[in-house]
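> Structure in structure tokens, see below.
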Amino acid sequence: MQAQRAALPIATGKDALIEAIRENDVSILVGETGSGKTTQVPQYLLESGIAGKGMIAVTQPRKVAATSLAARVAAEQNVSVGSLVGYSVRFDEASSDETRIKYVTDGMLVRELLGDPLLSRYSVVIVDEAHERTLRTDLLVTNLKKIQRKRNAPSDAKGKGAAAKLNPLKVIVMSATLDAEKFSRFFDGAQIMYVKGRQHPVKIYHTAVGQPDYVDAAMRTFWQIHTDQPPGDVLIFLPGQEDIEGLERSLQLYMDRLPKETPSIVVCPMYAALPPGQQAAIFKPAPPGFRKCILATNIAETSITIPGIKYVIDTGKCKEKRYIARDTGTGFDTLLTRDITKSSAAQRAGRAGREGPGHCFRLYTEEAFDAMEASAEPEIRRCSLTSSMLQLRCLNQDLEDVDFMDKPDREAIGAALKTLYLLGALDNKRNLTKLGRDMAAFPLEPPLARAVVASREFGCTLEVLDVVAVLSASSKLFFDSTDEREAAADARRKFRHRSGDHLTVLNVVRAYQEIAAAEKKSGRKEWCRKQFLNERCLAEAMDIRNQLREVCERMQIDWKASCGEDEQPVLKCLVRGLVQHAAYLQPDGSYKQLMGPSIVKIHPSSSLCDKKAPVIIYDELVYTTHIYGRGVSAVLRSYIADVPVLNVKGA
Ligand SMILES: Nc1ncnc2c1ncn2[C@@H]1O[C@H](COP(=O)(O)OP(=O)(O)OP(=O)(O)O)[C@@H](O)[C@H]1O
């Protein structure tokens, strides 16, 4: 491993790099994918003593990158994860007092800012994969600039504040495909450094004509590789979960028809909603004689090294989160399939040349590549700003005044303000309320955080945490079994609560807990399988719930407070959070949004789908042939009227 480290392109310029970082407060580092930036730079800083006694944070846009990089760098340092090298991602952390290098998601570091606005535990923050321009990265970058003004000012200018006692903070911005000039301008002309060369070549092929059916084209390309090319695993980039599941089924079907002498394949899906344990499967080597075929979204596009990958098939498509603002001041996030950018294409190809020469098959023409945009529009210009706005208000900052690299949209700001006002997090002068501060303490989306905070008033924190934990898990609770639809529906009926989906979830959690108390792990699994429940979702939810209970304890909210058999208070709490997602029954059987112009139908997956409740709340809207509300409960009109901002007496 040490020889491998020394052979990385970045190792050649190590001394010059360390010197430049030592001399500059901000450094911008651009180097080919696989040149060694993410794994090596933090170790160089540690070994050279630049970090002093402080910690080195390395941010990643995605959880899987943060955890897998920590594992790799811990191995290179010959320590266990959580000691010298650790990580911190939402709902999971491995670090200790010994930790000096910490791989974190950008969102986690933003969260740390709330409790420690000067990031006093860190002496270096490395913003990695900065080209992705996630909302959290942008929030972080603007705050890092602010922190540096305080911590790095000459000592006579620092005054006597908290910053005076702290060492200067170093910031390093890194990526393979970065608009380096833009970052440099933002950081007042920061120095840009380039790492030359790549370790292994990747040969790129384009198709002669466009491939509208990219899933089919990916399958044909895969079989060609499998039958004609030497051993080596294959990584296929697809836009989303449905395409991944579709291709997985087709591959299995073909495999069954292959002649016996054809080597076998193992197919591993990889998308964000897959539980972490299952995601980790992609890093396991295939059994001897097998070829591994990973079907991934852009979650596997940056930072990670998947051992064994020699071939990449790139469909050229991705899903992008986009916020659709409405004139009414409300809006919603939606996922749209679109062409990738040149920057993504380079990152995807880069996954093939990590351990040796690789090949990247692009299922689009060279002209289509030339026509792609250089990089994606920053998230701050296209995503909901509610959660960020709340965090900024906690830091006494306002979205409109903050020095961002790109300014957010006025409409999106308006919608975020309106949501936070309706949740009671801001008052009508935009001041942060006590409620808002309490909400920000929970690592949850503001509507769910609002429900948890409300549970203090209604004495049902135990139950609300159970429901919120399942809603925050990364995978779905119920399996949609197409083969055994009837049996699945029968099983689900047992848990059904007449008020709808939220209390149905509560019934499931209660039943699962009884089983968990009586059975070993294998028994729980078997029980879940029989009930068509996703055990991974429940196990993850229990973990999340325990962490939320800890936050409650810190905030002196009694998480043991229970409403017992009368669960209506749980719905009252959910109404406080989902007030913007309320709709009233119309004479024609459809629902009209309380605070929006849309006509909404109840999603077919809901237990209320064939009922006619006068008032409903829902978790989210889904757009297919209609606008559907998913995760629906029937509530009383009075619960909505009691929401303080809607109730003049209570306002
Ligand atoms: N988990 C791992 N297993 C095996 N080799 C690894 C692993 N992680 C990193 N490597 C090796 O270290 C090299 C450098 O990885 P590193 O992530 O530091 O590169 P990078 O320059 O940050 O690339 P990128 O821009 O793609 O994130 C890889 O190309 C690979 O050879």
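Naming scheme: A, B, ... for chains in displayed order of the structure tokens; residues 1 onward per chain; ligands 1 onward as shown.
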Which polymer residues have any atom within 12 Å of an atom of range 530-543 of chain A, counting only C-alpha atoms, with same-chain residues fewer than 5 positions away left out, as a compact mmCIF listing (two decimals) with C-alpha atoms, in the first residue's frame?


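Once everything was written out, this is result.txt:
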# COMPACT_ATOMS: atom_id res chain seq x y z
CA ARG A 90 -25.80 12.11 9.03
CA PHE A 91 -26.91 9.46 11.52
CA ASP A 92 -23.50 7.77 11.60
CA GLU A 93 -20.15 8.76 13.06
CA ALA A 273 -32.16 4.93 -1.31
CA LEU A 274 -30.36 1.60 -0.89
CA PRO A 275 -29.45 0.98 2.76
CA PRO A 276 -25.77 1.57 3.61
CA GLY A 277 -25.12 -2.15 4.21
CA GLN A 278 -26.27 -3.04 0.73
CA GLN A 279 -24.33 -0.14 -0.78
CA LEU A 465 -39.95 9.94 16.90
CA ASP A 466 -40.98 6.44 15.78
CA VAL A 467 -42.84 7.83 12.77
CA VAL A 468 -40.28 10.51 11.89
CA ALA A 469 -37.42 7.99 12.08
CA VAL A 470 -39.07 5.74 9.49
CA LEU A 471 -39.80 8.74 7.24
CA SER A 472 -36.12 9.75 7.46
CA ALA A 473 -34.70 6.30 6.63
CA SER A 474 -33.08 5.98 3.24
CA SER A 475 -35.23 3.11 1.97
CA LYS A 476 -38.94 2.35 1.78
CA LEU A 477 -40.76 0.51 4.59
CA PHE A 478 -43.07 -1.59 2.45
CA PHE A 479 -41.90 -3.88 -0.33
CA ASP A 480 -43.95 -3.61 -3.49
CA SER A 481 -43.94 -7.20 -4.55
CA THR A 482 -45.22 -7.52 -8.09
CA ASP A 483 -45.26 -11.33 -7.91
CA GLU A 484 -47.23 -11.61 -4.69
CA ARG A 485 -49.32 -8.49 -4.80
CA GLU A 486 -52.29 -10.03 -3.00
CA ALA A 487 -50.22 -11.53 -0.21
CA ALA A 488 -48.42 -8.23 0.29
CA ALA A 489 -51.70 -6.32 0.47
CA ASP A 490 -53.06 -8.86 3.00
CA ALA A 491 -49.99 -8.49 5.18
CA ARG A 492 -50.20 -4.72 5.04
CA ARG A 493 -53.87 -4.71 6.01
CA LYS A 494 -52.94 -6.03 9.47
CA PHE A 495 -51.08 -2.84 10.25
CA VAL A 505 -46.16 3.26 10.17
CA LEU A 506 -46.50 3.58 13.94
CA VAL A 508 -45.55 -1.39 12.15
CA VAL A 509 -42.87 0.04 14.45
CA ARG A 510 -44.77 -1.13 17.51
CA ALA A 511 -45.14 -4.65 16.13
CA TYR A 512 -41.49 -4.73 15.05
CA GLN A 513 -40.38 -3.71 18.51
CA ILE A 515 -40.69 -8.99 17.71
CA ALA A 516 -37.26 -7.42 18.24
CA LYS A 521 -31.84 -10.95 14.45
CA SER A 522 -32.66 -13.88 12.19
CA GLY A 523 -36.17 -14.11 13.68
CA ARG A 524 -36.76 -10.42 13.01
CA LYS A 525 -35.64 -10.83 9.42
CA LEU A 548 -33.03 11.69 17.76
CA ARG A 549 -33.69 10.61 21.35
CA GLU A 550 -30.19 11.78 22.25

> Please extract the residues of range 230-345 of chain A with a backbone DSSP assignment of helix (DSSP H, G or I) and present them as a ChimeraX atom specification.

/A:241-257,276-283,298-300,342-345

> Any chance you can output those residues with C-alpha atoms as a PDB file, in the first residue's frame?


ATOM      1  CA  GLN A 241     -33.484   3.571  -9.352  1.00  0.00           C
ATOM      2  CA  GLU A 242     -36.201   2.505 -11.828  1.00  0.00           C
ATOM      3  CA  ASP A 243     -33.733   2.140 -14.688  1.00  0.00           C
ATOM      4  CA  ILE A 244     -31.346   0.282 -12.396  1.00  0.00           C
ATOM      5  CA  GLU A 245     -34.032  -2.157 -11.299  1.00  0.00           C
ATOM      6  CA  GLY A 246     -35.212  -2.606 -14.893  1.00  0.00           C
ATOM      7  CA  LEU A 247     -31.717  -3.371 -16.156  1.00  0.00           C
ATOM      8  CA  GLU A 248     -31.035  -5.675 -13.219  1.00  0.00           C
ATOM      9  CA  ARG A 249     -34.112  -7.740 -14.137  1.00  0.00           C
ATOM     10  CA  SER A 250     -33.151  -7.874 -17.823  1.00  0.00           C
ATOM     11  CA  LEU A 251     -29.588  -8.931 -17.023  1.00  0.00           C
ATOM     12  CA  GLN A 252     -30.824 -11.739 -14.760  1.00  0.00           C
ATOM     13  CA  LEU A 253     -33.242 -12.902 -17.454  1.00  0.00           C
ATOM     14  CA  TYR A 254     -30.495 -13.053 -20.097  1.00  0.00           C
ATOM     15  CA  MET A 255     -28.087 -14.701 -17.741  1.00  0.00           C
ATOM     16  CA  ASP A 256     -30.450 -17.630 -17.262  1.00  0.00           C
ATOM     17  CA  ARG A 257     -30.427 -18.205 -21.023  1.00  0.00           C
ATOM     18  CA  PRO A 276     -25.765   1.565   3.607  1.00  0.00           C
ATOM     19  CA  GLY A 277     -25.118  -2.151   4.212  1.00  0.00           C
ATOM     20  CA  GLN A 278     -26.271  -3.038   0.727  1.00  0.00           C
ATOM     21  CA  GLN A 279     -24.328  -0.143  -0.785  1.00  0.00           C
ATOM     22  CA  ALA A 280     -21.179  -1.517   0.800  1.00  0.00           C
ATOM     23  CA  ALA A 281     -21.650  -4.716  -1.271  1.00  0.00           C
ATOM     24  CA  ILE A 282     -20.189  -2.974  -4.326  1.00  0.00           C
ATOM     25  CA  PHE A 283     -16.776  -2.848  -2.658  1.00  0.00           C
ATOM     26  CA  ASN A 298     -24.196   9.404 -10.015  1.00  0.00           C
ATOM     27  CA  ILE A 299     -23.751   8.464  -6.336  1.00  0.00           C
ATOM     28  CA  ALA A 300     -20.719   6.453  -7.576  1.00  0.00           C
ATOM     29  CA  LYS A 342     -18.731  17.322 -19.449  1.00  0.00           C
ATOM     30  CA  SER A 343     -17.524  17.403 -15.882  1.00  0.00           C
ATOM     31  CA  SER A 344     -19.667  14.366 -14.946  1.00  0.00           C
ATOM     32  CA  ALA A 345     -18.536  12.536 -18.072  1.00  0.00           C
TER      33      ALA A 345
END

> Quick one: residues within 8 Å of range 568-585 of chain A, only C-alpha atoms counted, chain neighbours fewer than 5 positions away excluded, as a ChimeraX atom specification?

/A:419,422-423,446-452,454-455,458-460,463-464,563,590-595,600,612-620,633,635,639-640,643

> How many Å lie between CA of Asp116 in chain A and CA of Leu29 in chain A, rounded to one decimal?

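Interatomic distance here is 26.7 Å.
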
> Taking only range 382-573 of chain A into account, list the residues labelled strand (DSSP E or B) by DSSP (computed from the backbone), as a list in words.

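Of range 382-573 of chain A, only Leu426, Leu432, Phe478, His497, Gly500 and Leu533 of chain A fall in strand (DSSP E or B).
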
> The selected residues should be written to file as a PDB file, in the first residue's frame (atoms: C-alpha atoms).


ATOM      1  CA  LEU A 426     -39.298  32.782  11.787  1.00  0.00           C
ATOM      2  CA  LEU A 432     -35.460  33.424  14.258  1.00  0.00           C
ATOM      3  CA  PHE A 478     -43.066  -1.592   2.447  1.00  0.00           C
ATOM      4  CA  HIS A 497     -54.722   2.394  10.801  1.00  0.00           C
ATOM      5  CA  GLY A 500     -53.960   6.604   7.179  1.00  0.00           C
ATOM      6  CA  LEU A 533     -41.616  -5.243   5.329  1.00  0.00           C
TER       7      LEU A 533
END

> Contacts of Ala368 in chain A at 10 Å or less, counting only C-alpha atoms, minus same-chain residues fewer than 6 places along, as JSON, numbers by chain?

{"A": [206, 207, 209, 210, 316, 339]}

> Determine, counting only C-alpha atoms, which protein, DNA and RNA residues have an atom within 12 Å of an atom of Gln224 in chain A; residues of the same chain fewer than 5 positions away are not included. Present the result as a ChimeraX atom specification.

/A:217-219,229-230,234,311,313,361

> With only C-alpha atoms and all ligand atoms as the basis for distance, which of A:Gly350, A:Pro42, A:Gly13, A:Pro212 is at the shortest distance from ligand 1?

A:Gly350

> So how many Å separate CA of Tyr122 in chain A and CA of Ala75 in chain A, to one decimal?

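Separating CA of Tyr122 in chain A from CA of Ala75 in chain A is a distance of 22.5 Å.
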
> Which is closer to Ala11 in chain A than all the others in A:Arg529, A:Lys196, A:Lys317, A:Arg382, using only C-alpha atoms?

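Of all the options, A:Lys196 lies closest to Ala11 in chain A.
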
> Find, counting only C-alpha atoms and all ligand atoms, the residue in A:Ser155, A:Thr341, A:Thr137, A:Thr38 that gets nearest to ligand 1.

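The shortest atom-to-atom distance to ligand 1 comes from A:Thr38.
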
> Rounded to one decimal, what separation in Å do you get between CA of Met174 in chain A and CA of Leu69 in chain A?

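Going from CA of Met174 in chain A over to CA of Leu69 in chain A, I get 15.1 Å.
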
> Nearest to Ala440 in chain A among A:Val141, A:Leu17, A:Leu113, A:Val645, with distances taken over only C-alpha atoms: which residue is it?

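Among the listed residues, A:Leu113 lies closest to Ala440 in chain A.
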
> Quick one: everything within 8 Å of Thr39 in chain A, counting only C-alpha atoms, minus sequence neighbours fewer than 4 positions away in the same chain. Send it as an MDAnalysis selection string.

chainID A and resid 43 69 72:73

> Neighbouring residues of Asn24 in chain A were defined as those with any atom within 10 Å, considering only C-alpha atoms; residues of the same chain fewer than 5 positions away were excluded. Please report them as a PyMOL selection string.

chain A and resi 19+170-172+190-191
